[in-house]
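Next comes start_26.pdb, with PDB, C-alpha atoms and all ligand atoms.
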```
ATOM      1  CA  MET A   1     -16.828   0.683 -31.534  1.00  0.00           C
ATOM      2  CA  PRO A   2     -17.337  -0.485 -27.933  1.00  0.00           C
ATOM      3  CA  THR A   3     -16.961  -4.181 -27.206  1.00  0.00           C
ATOM      4  CA  VAL A   4     -20.152  -5.416 -25.661  1.00  0.00           C
ATOM      5  CA  VAL A   5     -20.364  -8.761 -23.921  1.00  0.00           C
ATOM      6  CA  GLU A   6     -23.782 -10.332 -24.433  1.00  0.00           C
ATOM      7  CA  GLN A   7     -24.921 -12.713 -21.745  1.00  0.00           C
ATOM      8  CA  ASP A   8     -28.423 -14.177 -21.596  1.00  0.00           C
ATOM      9  CA  ASP A   9     -30.833 -11.297 -21.852  1.00  0.00           C
ATOM     10  CA  ALA A  10     -28.507  -8.685 -20.295  1.00  0.00           C
ATOM     11  CA  THR A  11     -26.002  -6.533 -22.179  1.00  0.00           C
ATOM     12  CA  TYR A  12     -22.724  -5.624 -20.527  1.00  0.00           C
ATOM     13  CA  THR A  13     -20.315  -2.874 -21.573  1.00  0.00           C
ATOM     14  CA  THR A  14     -16.904  -3.068 -19.941  1.00  0.00           C
ATOM     15  CA  VAL A  15     -14.719  -0.133 -18.875  1.00  0.00           C
ATOM     16  CA  LEU A  16     -12.242  -1.101 -21.589  1.00  0.00           C
ATOM     17  CA  ALA A  17     -14.959  -0.808 -24.187  1.00  0.00           C
ATOM     18  CA  ASP A  18     -16.405   2.462 -23.001  1.00  0.00           C
ATOM     19  CA  PRO A  19     -14.648   4.287 -20.143  1.00  0.00           C
ATOM     20  CA  VAL A  20     -17.654   6.556 -19.568  1.00  0.00           C
ATOM     21  CA  HIS A  21     -20.767   4.460 -20.145  1.00  0.00           C
ATOM     22  CA  PHE A  22     -19.616   1.043 -18.872  1.00  0.00           C
ATOM     23  CA  ASN A  23     -22.267  -0.829 -16.920  1.00  0.00           C
ATOM     24  CA  VAL A  24     -20.385  -3.745 -15.433  1.00  0.00           C
ATOM     25  CA  LYS A  25     -17.776  -3.667 -12.675  1.00  0.00           C
ATOM     26  CA  HIS A  26     -15.247  -6.294 -11.639  1.00  0.00           C
ATOM     27  CA  PRO A  27     -15.270  -6.914  -7.903  1.00  0.00           C
ATOM     28  CA  LEU A  28     -12.004  -7.025  -5.976  1.00  0.00           C
ATOM     29  CA  TYR A  29     -11.480  -9.760  -3.425  1.00  0.00           C
ATOM     30  CA  HIS A  30     -11.553  -7.137  -0.633  1.00  0.00           C
ATOM     31  CA  SER A  31     -12.716  -3.571  -0.116  1.00  0.00           C
ATOM     32  CA  TRP A  32      -9.796  -1.174   0.268  1.00  0.00           C
ATOM     33  CA  THR A  33      -9.606   2.210   1.957  1.00  0.00           C
ATOM     34  CA  LEU A  34      -7.143   4.905   0.951  1.00  0.00           C
ATOM     35  CA  TRP A  35      -5.793   7.178   3.702  1.00  0.00           C
ATOM     36  CA  TYR A  36      -3.464  10.148   3.495  1.00  0.00           C
ATOM     37  CA  ASP A  37      -1.272  12.049   5.902  1.00  0.00           C
ATOM     38  CA  GLN A  38       0.973  14.918   5.051  1.00  0.00           C
ATOM     39  CA  GLY A  39       3.655  14.140   7.621  1.00  0.00           C
ATOM     40  CA  GLY A  40       5.218  16.984   9.493  1.00  0.00           C
ATOM     41  CA  LYS A  41       6.389  16.964  13.077  1.00  0.00           C
ATOM     42  CA  LYS A  42       9.391  14.736  13.743  1.00  0.00           C
ATOM     43  CA  THR A  43       7.995  12.779  16.696  1.00  0.00           C
ATOM     44  CA  PRO A  44       4.293  13.597  16.988  1.00  0.00           C
ATOM     45  CA  SER A  45       2.276  12.240  19.876  1.00  0.00           C
ATOM     46  CA  ALA A  46       0.135   9.226  18.989  1.00  0.00           C
ATOM     47  CA  GLN A  47      -2.913  11.477  19.204  1.00  0.00           C
ATOM     48  CA  THR A  48      -1.512  14.178  16.896  1.00  0.00           C
ATOM     49  CA  TRP A  49      -0.310  11.563  14.474  1.00  0.00           C
ATOM     50  CA  SER A  50      -3.654   9.807  14.175  1.00  0.00           C
ATOM     51  CA  GLN A  51      -5.513  13.134  13.905  1.00  0.00           C
ATOM     52  CA  ASN A  52      -3.443  13.879  10.810  1.00  0.00           C
ATOM     53  CA  LEU A  53      -4.623  10.707   9.111  1.00  0.00           C
ATOM     54  CA  LYS A  54      -7.359  11.482   6.588  1.00  0.00           C
ATOM     55  CA  GLU A  55      -9.621   8.750   5.269  1.00  0.00           C
ATOM     56  CA  LEU A  56     -10.077   9.512   1.565  1.00  0.00           C
ATOM     57  CA  VAL A  57     -12.114   6.822  -0.163  1.00  0.00           C
ATOM     58  CA  THR A  58     -13.115   3.141  -0.111  1.00  0.00           C
ATOM     59  CA  PHE A  59     -13.503   1.040  -3.254  1.00  0.00           C
ATOM     60  CA  ASP A  60     -14.179  -2.599  -4.055  1.00  0.00           C
ATOM     61  CA  THR A  61     -14.032  -2.884  -7.830  1.00  0.00           C
ATOM     62  CA  VAL A  62     -11.258  -2.692 -10.416  1.00  0.00           C
ATOM     63  CA  GLU A  63     -13.024   0.192 -12.138  1.00  0.00           C
ATOM     64  CA  ASP A  64     -13.332   2.216  -8.939  1.00  0.00           C
ATOM     65  CA  PHE A  65      -9.650   1.588  -8.148  1.00  0.00           C
ATOM     66  CA  TRP A  66      -8.734   3.147 -11.508  1.00  0.00           C
ATOM     67  CA  GLY A  67     -11.143   5.998 -10.880  1.00  0.00           C
ATOM     68  CA  VAL A  68      -9.298   6.746  -7.636  1.00  0.00           C
ATOM     69  CA  TYR A  69      -5.811   6.157  -9.030  1.00  0.00           C
ATOM     70  CA  ASN A  70      -6.401   8.454 -12.003  1.00  0.00           C
ATOM     71  CA  ASN A  71      -7.819  11.273  -9.921  1.00  0.00           C
ATOM     72  CA  ILE A  72      -5.586  11.567  -6.864  1.00  0.00           C
ATOM     73  CA  ALA A  73      -2.258  13.382  -6.787  1.00  0.00           C
ATOM     74  CA  LYS A  74       0.533  11.010  -7.781  1.00  0.00           C
ATOM     75  CA  ILE A  75       3.055  10.153  -5.088  1.00  0.00           C
ATOM     76  CA  ASN A  76       5.804  12.177  -6.739  1.00  0.00           C
ATOM     77  CA  GLU A  77       3.527  15.220  -6.591  1.00  0.00           C
ATOM     78  CA  LEU A  78       3.024  15.034  -2.832  1.00  0.00           C
ATOM     79  CA  GLN A  79       5.007  17.212  -0.455  1.00  0.00           C
ATOM     80  CA  SER A  80       7.980  15.624   1.241  1.00  0.00           C
ATOM     81  CA  GLY A  81       6.933  13.816   4.419  1.00  0.00           C
ATOM     82  CA  ALA A  82       3.542  12.726   3.046  1.00  0.00           C
ATOM     83  CA  ASN A  83       2.191   9.160   2.961  1.00  0.00           C
ATOM     84  CA  TYR A  84      -0.601   7.296   1.189  1.00  0.00           C
ATOM     85  CA  HIS A  85      -1.875   4.289   3.119  1.00  0.00           C
ATOM     86  CA  LEU A  86      -3.950   1.708   1.232  1.00  0.00           C
ATOM     87  CA  PHE A  87      -5.445  -0.766   3.719  1.00  0.00           C
ATOM     88  CA  LYS A  88      -8.126  -3.409   3.706  1.00  0.00           C
ATOM     89  CA  LYS A  89     -11.400  -1.833   4.746  1.00  0.00           C
ATOM     90  CA  GLY A  90     -11.771  -1.978   8.516  1.00  0.00           C
ATOM     91  CA  ILE A  91      -8.017  -1.921   9.264  1.00  0.00           C
ATOM     92  CA  LYS A  92      -6.680   1.461  10.331  1.00  0.00           C
ATOM     93  CA  PRO A  93      -3.174   2.171   8.996  1.00  0.00           C
ATOM     94  CA  MET A  94      -1.660   2.290  12.460  1.00  0.00           C
ATOM     95  CA  TRP A  95       0.362  -0.046  14.693  1.00  0.00           C
ATOM     96  CA  GLU A  96      -2.385   0.128  17.293  1.00  0.00           C
ATOM     97  CA  ASP A  97      -5.068  -1.503  15.118  1.00  0.00           C
ATOM     98  CA  ALA A  98      -5.701  -5.113  16.261  1.00  0.00           C
ATOM     99  CA  ALA A  99      -4.909  -6.448  12.767  1.00  0.00           C
ATOM    100  CA  ASN A 100      -1.482  -4.784  12.789  1.00  0.00           C
ATOM    101  CA  ALA A 101      -0.537  -5.077  16.448  1.00  0.00           C
ATOM    102  CA  LYS A 102       1.338  -8.379  16.070  1.00  0.00           C
ATOM    103  CA  GLY A 103       2.580  -7.618  12.577  1.00  0.00           C
ATOM    104  CA  GLY A 104       5.303  -5.759  10.826  1.00  0.00           C
ATOM    105  CA  LYS A 105       6.298  -4.303   7.498  1.00  0.00           C
ATOM    106  CA  TRP A 106       8.476  -5.101   4.508  1.00  0.00           C
ATOM    107  CA  VAL A 107      10.190  -1.895   3.511  1.00  0.00           C
ATOM    108  CA  VAL A 108      12.228  -0.737   0.575  1.00  0.00           C
ATOM    109  CA  GLN A 109      13.615   2.750   0.317  1.00  0.00           C
ATOM    110  CA  MET A 110      14.681   4.117  -3.071  1.00  0.00           C
ATOM    111  CA  PRO A 111      16.707   7.228  -3.779  1.00  0.00           C
ATOM    112  CA  LYS A 112      14.715   9.679  -5.906  1.00  0.00           C
ATOM    113  CA  THR A 113      15.576   9.568  -9.605  1.00  0.00           C
ATOM    114  CA  ARG A 114      15.702  12.666 -11.803  1.00  0.00           C
ATOM    115  CA  ASN A 115      12.156  12.338 -13.155  1.00  0.00           C
ATOM    116  CA  ASN A 116      10.982  10.501 -10.010  1.00  0.00           C
ATOM    117  CA  THR A 117       7.961   8.815 -11.597  1.00  0.00           C
ATOM    118  CA  GLU A 118       8.708   5.084 -11.073  1.00  0.00           C
ATOM    119  CA  ILE A 119       7.259   5.239  -7.563  1.00  0.00           C
ATOM    120  CA  ASN A 120       3.797   6.151  -8.888  1.00  0.00           C
ATOM    121  CA  ASP A 121       3.156   2.699 -10.317  1.00  0.00           C
ATOM    122  CA  TYR A 122       4.781   0.421  -7.768  1.00  0.00           C
ATOM    123  CA  TRP A 123       1.616  -0.161  -5.825  1.00  0.00           C
ATOM    124  CA  LEU A 124       0.013  -1.673  -8.922  1.00  0.00           C
ATOM    125  CA  TYR A 125       2.350  -4.647  -8.669  1.00  0.00           C
ATOM    126  CA  THR A 126       1.733  -5.692  -5.119  1.00  0.00           C
ATOM    127  CA  THR A 127      -0.310  -8.916  -5.071  1.00  0.00           C
ATOM    128  CA  PHE A 128       0.507 -11.841  -2.845  1.00  0.00           C
ATOM    129  CA  GLU A 129       0.088 -15.557  -2.366  1.00  0.00           C
ATOM    130  CA  TYR A 130      -0.551 -15.202   1.397  1.00  0.00           C
ATOM    131  CA  GLU A 131      -3.310 -12.718   0.807  1.00  0.00           C
ATOM    132  CA  ASP A 132      -4.803 -13.065   4.309  1.00  0.00           C
ATOM    133  CA  GLU A 133      -1.502 -11.961   5.821  1.00  0.00           C
ATOM    134  CA  ILE A 134      -1.579  -8.614   4.017  1.00  0.00           C
ATOM    135  CA  CYS A 135      -3.022  -5.628   5.887  1.00  0.00           C
ATOM    136  CA  GLY A 136      -2.041  -2.838   3.529  1.00  0.00           C
ATOM    137  CA  ALA A 137       0.642  -0.799   1.817  1.00  0.00           C
ATOM    138  CA  VAL A 138       2.191   2.578   2.591  1.00  0.00           C
ATOM    139  CA  MET A 139       3.781   4.796  -0.045  1.00  0.00           C
ATOM    140  CA  SER A 140       5.943   7.565   1.357  1.00  0.00           C
ATOM    141  CA  THR A 141       7.836  10.454  -0.096  1.00  0.00           C
ATOM    142  CA  ARG A 142      10.734  12.053   1.758  1.00  0.00           C
ATOM    143  CA  ARG A 143      13.278  14.715   0.799  1.00  0.00           C
ATOM    144  CA  ALA A 144      15.860  12.404  -0.778  1.00  0.00           C
ATOM    145  CA  PHE A 145      13.997   9.112  -1.208  1.00  0.00           C
ATOM    146  CA  ASN A 146      10.689   7.345  -1.698  1.00  0.00           C
ATOM    147  CA  ARG A 147       9.621   4.365   0.333  1.00  0.00           C
ATOM    148  CA  ILE A 148       7.098   1.600  -0.077  1.00  0.00           C
ATOM    149  CA  ALA A 149       6.088  -0.715   2.743  1.00  0.00           C
ATOM    150  CA  ILE A 150       3.803  -3.725   2.871  1.00  0.00           C
ATOM    151  CA  TRP A 151       2.206  -4.231   6.269  1.00  0.00           C
ATOM    152  CA  THR A 152       1.601  -7.840   7.316  1.00  0.00           C
ATOM    153  CA  ARG A 153      -0.493  -9.328  10.066  1.00  0.00           C
ATOM    154  CA  THR A 154       1.918 -11.676  11.849  1.00  0.00           C
ATOM    155  CA  CYS A 155       5.654 -11.314  12.187  1.00  0.00           C
ATOM    156  CA  GLY A 156       6.324 -14.582  14.034  1.00  0.00           C
ATOM    157  CA  LYS A 157       5.821 -16.879  11.002  1.00  0.00           C
ATOM    158  CA  ARG A 158       9.251 -16.452   9.474  1.00  0.00           C
ATOM    159  CA  GLU A 159       8.700 -18.667   6.406  1.00  0.00           C
ATOM    160  CA  VAL A 160       5.455 -16.961   5.382  1.00  0.00           C
ATOM    161  CA  CYS A 161       6.931 -13.593   6.117  1.00  0.00           C
ATOM    162  CA  GLU A 162       9.986 -14.177   3.956  1.00  0.00           C
ATOM    163  CA  ARG A 163       7.849 -15.550   1.130  1.00  0.00           C
ATOM    164  CA  ILE A 164       5.892 -12.286   1.128  1.00  0.00           C
ATOM    165  CA  GLY A 165       9.172 -10.382   1.121  1.00  0.00           C
ATOM    166  CA  TYR A 166      10.451 -12.320  -1.900  1.00  0.00           C
ATOM    167  CA  GLN A 167       7.194 -11.834  -3.791  1.00  0.00           C
ATOM    168  CA  PHE A 168       7.200  -8.138  -3.026  1.00  0.00           C
ATOM    169  CA  LYS A 169      10.785  -7.825  -4.253  1.00  0.00           C
ATOM    170  CA  GLU A 170      10.053  -9.864  -7.393  1.00  0.00           C
ATOM    171  CA  ALA A 171       6.937  -7.837  -8.194  1.00  0.00           C
ATOM    172  CA  LEU A 172       8.775  -4.545  -7.942  1.00  0.00           C
ATOM    173  CA  GLY A 173      11.800  -5.889  -9.821  1.00  0.00           C
ATOM    174  CA  ILE A 174      14.170  -3.755  -7.771  1.00  0.00           C
ATOM    175  CA  ASN A 175      17.595  -5.115  -6.978  1.00  0.00           C
ATOM    176  CA  MET A 176      17.910  -3.658  -3.489  1.00  0.00           C
ATOM    177  CA  GLN A 177      17.730  -4.973   0.048  1.00  0.00           C
ATOM    178  CA  PHE A 178      14.189  -5.310   1.401  1.00  0.00           C
ATOM    179  CA  GLU A 179      13.916  -5.313   5.185  1.00  0.00           C
ATOM    180  CA  PHE A 180      11.231  -6.533   7.511  1.00  0.00           C
ATOM    181  CA  GLN A 181      10.623  -4.742  10.770  1.00  0.00           C
ATOM    182  CA  ALA A 182       8.128  -5.658  13.502  1.00  0.00           C
ATOM    183  CA  HIS A 183       5.757  -2.816  14.435  1.00  0.00           C
ATOM    184  CA  SER A 184       6.566  -3.487  18.077  1.00  0.00           C
ATOM    185  CA  ASP A 185      10.118  -2.417  17.224  1.00  0.00           C
ATOM    186  CA  ALA A 186       9.133   0.538  15.027  1.00  0.00           C
ATOM    187  CA  SER A 187       7.016   1.963  17.821  1.00  0.00           C
ATOM    188  CA  LYS A 188       9.934   1.958  20.285  1.00  0.00           C
ATOM    189  CA  SER A 189      12.563   4.613  20.354  1.00  0.00           C
ATOM    190  CA  GLY A 190      16.153   3.431  20.497  1.00  0.00           C
ATOM    191  CA  PRO A 191      17.818   0.349  19.008  1.00  0.00           C
ATOM    192  CA  TYR A 192      15.673  -2.477  17.672  1.00  0.00           C
ATOM    193  CA  ASN A 193      16.151  -5.576  15.548  1.00  0.00           C
ATOM    194  CA  LYS A 194      14.033  -8.293  17.098  1.00  0.00           C
ATOM    195  CA  ASP A 195      12.087  -9.609  14.100  1.00  0.00           C
ATOM    196  CA  LYS A 196      14.233  -8.189  11.350  1.00  0.00           C
ATOM    197  CA  TYR A 197      14.349 -10.317   8.197  1.00  0.00           C
ATOM    198  CA  VAL A 198      16.055  -9.356   4.960  1.00  0.00           C
ATOM    199  CA  VAL A 199      15.549 -10.525   1.359  1.00  0.00           C
TER     200      VAL A 199
HETATM  201  P1  LIG A 201       7.057   7.138   9.828  1.00  0.00           P
HETATM  202  O1  LIG A 201       6.559   8.146   8.865  1.00  0.00           O
HETATM  203  O2  LIG A 201       6.562   5.741   9.722  1.00  0.00           O
HETATM  204  O3  LIG A 201       8.648   7.085   9.912  1.00  0.00           O
HETATM  205  O4  LIG A 201       6.726   7.604  11.309  1.00  0.00           O
HETATM  206  P2  LIG A 201       9.783   7.891   9.126  1.00  0.00           P
HETATM  207  O5  LIG A 201       9.452   8.126   7.712  1.00  0.00           O
HETATM  208  O6  LIG A 201      11.038   7.135   9.425  1.00  0.00           O
HETATM  209  O7  LIG A 201       9.868   9.239   9.873  1.00  0.00           O
HETATM  210  P3  LIG A 201       9.639  10.664   9.252  1.00  0.00           P
HETATM  211  O8  LIG A 201       9.846  11.558  10.442  1.00  0.00           O
HETATM  212  O9  LIG A 201      10.656  10.816   8.156  1.00  0.00           O
HETATM  213  O10 LIG A 201       8.230  10.691   8.740  1.00  0.00           O
HETATM  214  C1  LIG A 201       7.046   8.893  11.762  1.00  0.00           C
HETATM  215  C2  LIG A 201       6.450   9.092  13.123  1.00  0.00           C
HETATM  216  O11 LIG A 201       5.016   9.069  13.019  1.00  0.00           O
HETATM  217  C3  LIG A 201       6.765   7.990  14.132  1.00  0.00           C
HETATM  218  O12 LIG A 201       7.971   8.209  14.800  1.00  0.00           O
HETATM  219  C4  LIG A 201       5.576   8.085  15.076  1.00  0.00           C
HETATM  220  O13 LIG A 201       5.754   9.183  15.966  1.00  0.00           O
HETATM  221  C5  LIG A 201       4.435   8.429  14.132  1.00  0.00           C
HETATM  222  N1  LIG A 201       3.762   7.191  13.679  1.00  0.00           N
HETATM  223  C6  LIG A 201       3.948   6.548  12.522  1.00  0.00           C
HETATM  224  N2  LIG A 201       3.138   5.461  12.474  1.00  0.00           N
HETATM  225  C7  LIG A 201       3.034   4.522  11.371  1.00  0.00           C
HETATM  226  C8  LIG A 201       2.431   5.424  13.638  1.00  0.00           C
HETATM  227  C9  LIG A 201       1.433   4.508  14.149  1.00  0.00           C
HETATM  228  O14 LIG A 201       1.016   3.534  13.532  1.00  0.00           O
HETATM  229  N3  LIG A 201       0.963   4.840  15.364  1.00  0.00           N
HETATM  230  C10 LIG A 201       1.396   5.921  16.089  1.00  0.00           C
HETATM  231  N4  LIG A 201       0.899   6.155  17.295  1.00  0.00           N
HETATM  232  N5  LIG A 201       2.322   6.774  15.605  1.00  0.00           N
HETATM  233  C11 LIG A 201       2.838   6.527  14.395  1.00  0.00           C
END
```
Render the structure in this file as structure tokens.
Amino acid sequence: MPTVVEQDDATYTTVLADPVHFNVKHPLYHSWTLWYDQGGKKTPSAQTWSQNLKELVTFDTVEDFWGVYNNIAKINELQSGANYHLFKKGIKPMWEDAANAKGGKWVVQMPKTRNNTEINDYWLYTTFEYEDEICGAVMSTRRAFNRIAIWTRTCGKREVCERIGYQFKEALGINMQFEFQAHSDASKSGPYNKDKYVV
């Protein structure tokens, strides 16, 4: 029997009550766009790399998030080298985008387990106090490991940055080292460690 919430003269059926015929949606604070790239060449040119980025879908409600999540290939089903990028609408998942240019990323890299399914749910746990600082998240699968990264807007504010790192680590509940790397360093070849924080 579906749970129906009655309010004034309107009748609302939630997704929990009836996953097919629900008529009310819960807005998210932001619209989010999901992008995909299948990886490949070791050091692609910026042009080749961005041409491989595919914009998949944009959503702005809880129900539409679940619709997407339940219908896309799970991360452990993607070919090695592939990445999902979930970014606030309007921010491209690349260093060059103005929102990312002065930012960086918190990264954790996990060896693949035998059933390799834990990675599929990690992005459900990534909510933050400094919400404005968050640009997006990248989930990556490689031959021997999976990786999740949270991209932030500004890398100069050490305190805020570390707070995000701690929250990210707490949310995932993984007892490993999480590292922060500035995009300006990631985009250079050779040694880097300018804005590198660790939690
Ligand atoms: P990656 O996938 O972030 O690194 O970037 P990874 O996983 O260490 O390397 P992989 O070879 O195992 O995939 C891989 C390469 O993609 C980089 O060296 C760049 O050539 C290119 N690339 C990645 N990003 C996020 C960007 C970007 O934002 N802009 C541009 N121009 N190139 C990028």
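Between CA of Phe168 (chain A) and CA of Pro44 (chain A) the separation is 29.7 Å.
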*Just say which residues the PyMOL selection byres (((not hetatm)) within 9 of (chain A and resi 201)) picks in this file, as a count of residues only.*
34
*Excluding Ala99 (chain A) and any residue of its chain fewer than 6 positions from it, enumerate the residues within 9 Å of it, using all atoms listed in the file, and give them as a ChimeraX atom specification.*
/A:91-92,135,152-154
*So, counting all atoms listed in the file, which residue among A:Trp151, A:Trp35, A:Phe22, A:Trp106 is closest to Asp132 (chain A)?*
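Answer, going by the shortest atom-to-atom distance: A:Trp151.
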*How would you write, as number ranges by chain, the residues chosen by the PyMOL selection byres (((chain A and resi 111) around 9) and not hetatm) on this structure?*
A: 109-110, 112-113, 144-147
*Of the residues A:Thr33, A:Asn23, A:Thr117, A:Asn52, which is the one nearest to Lys88 (chain A), using only C-alpha atoms?*
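Looking at the shortest contact to Lys88 (chain A), the residue is A:Thr33.
Straight-line separation from CA of Leu34 (chain A) to CA of Leu53 (chain A): 10.3 Å.
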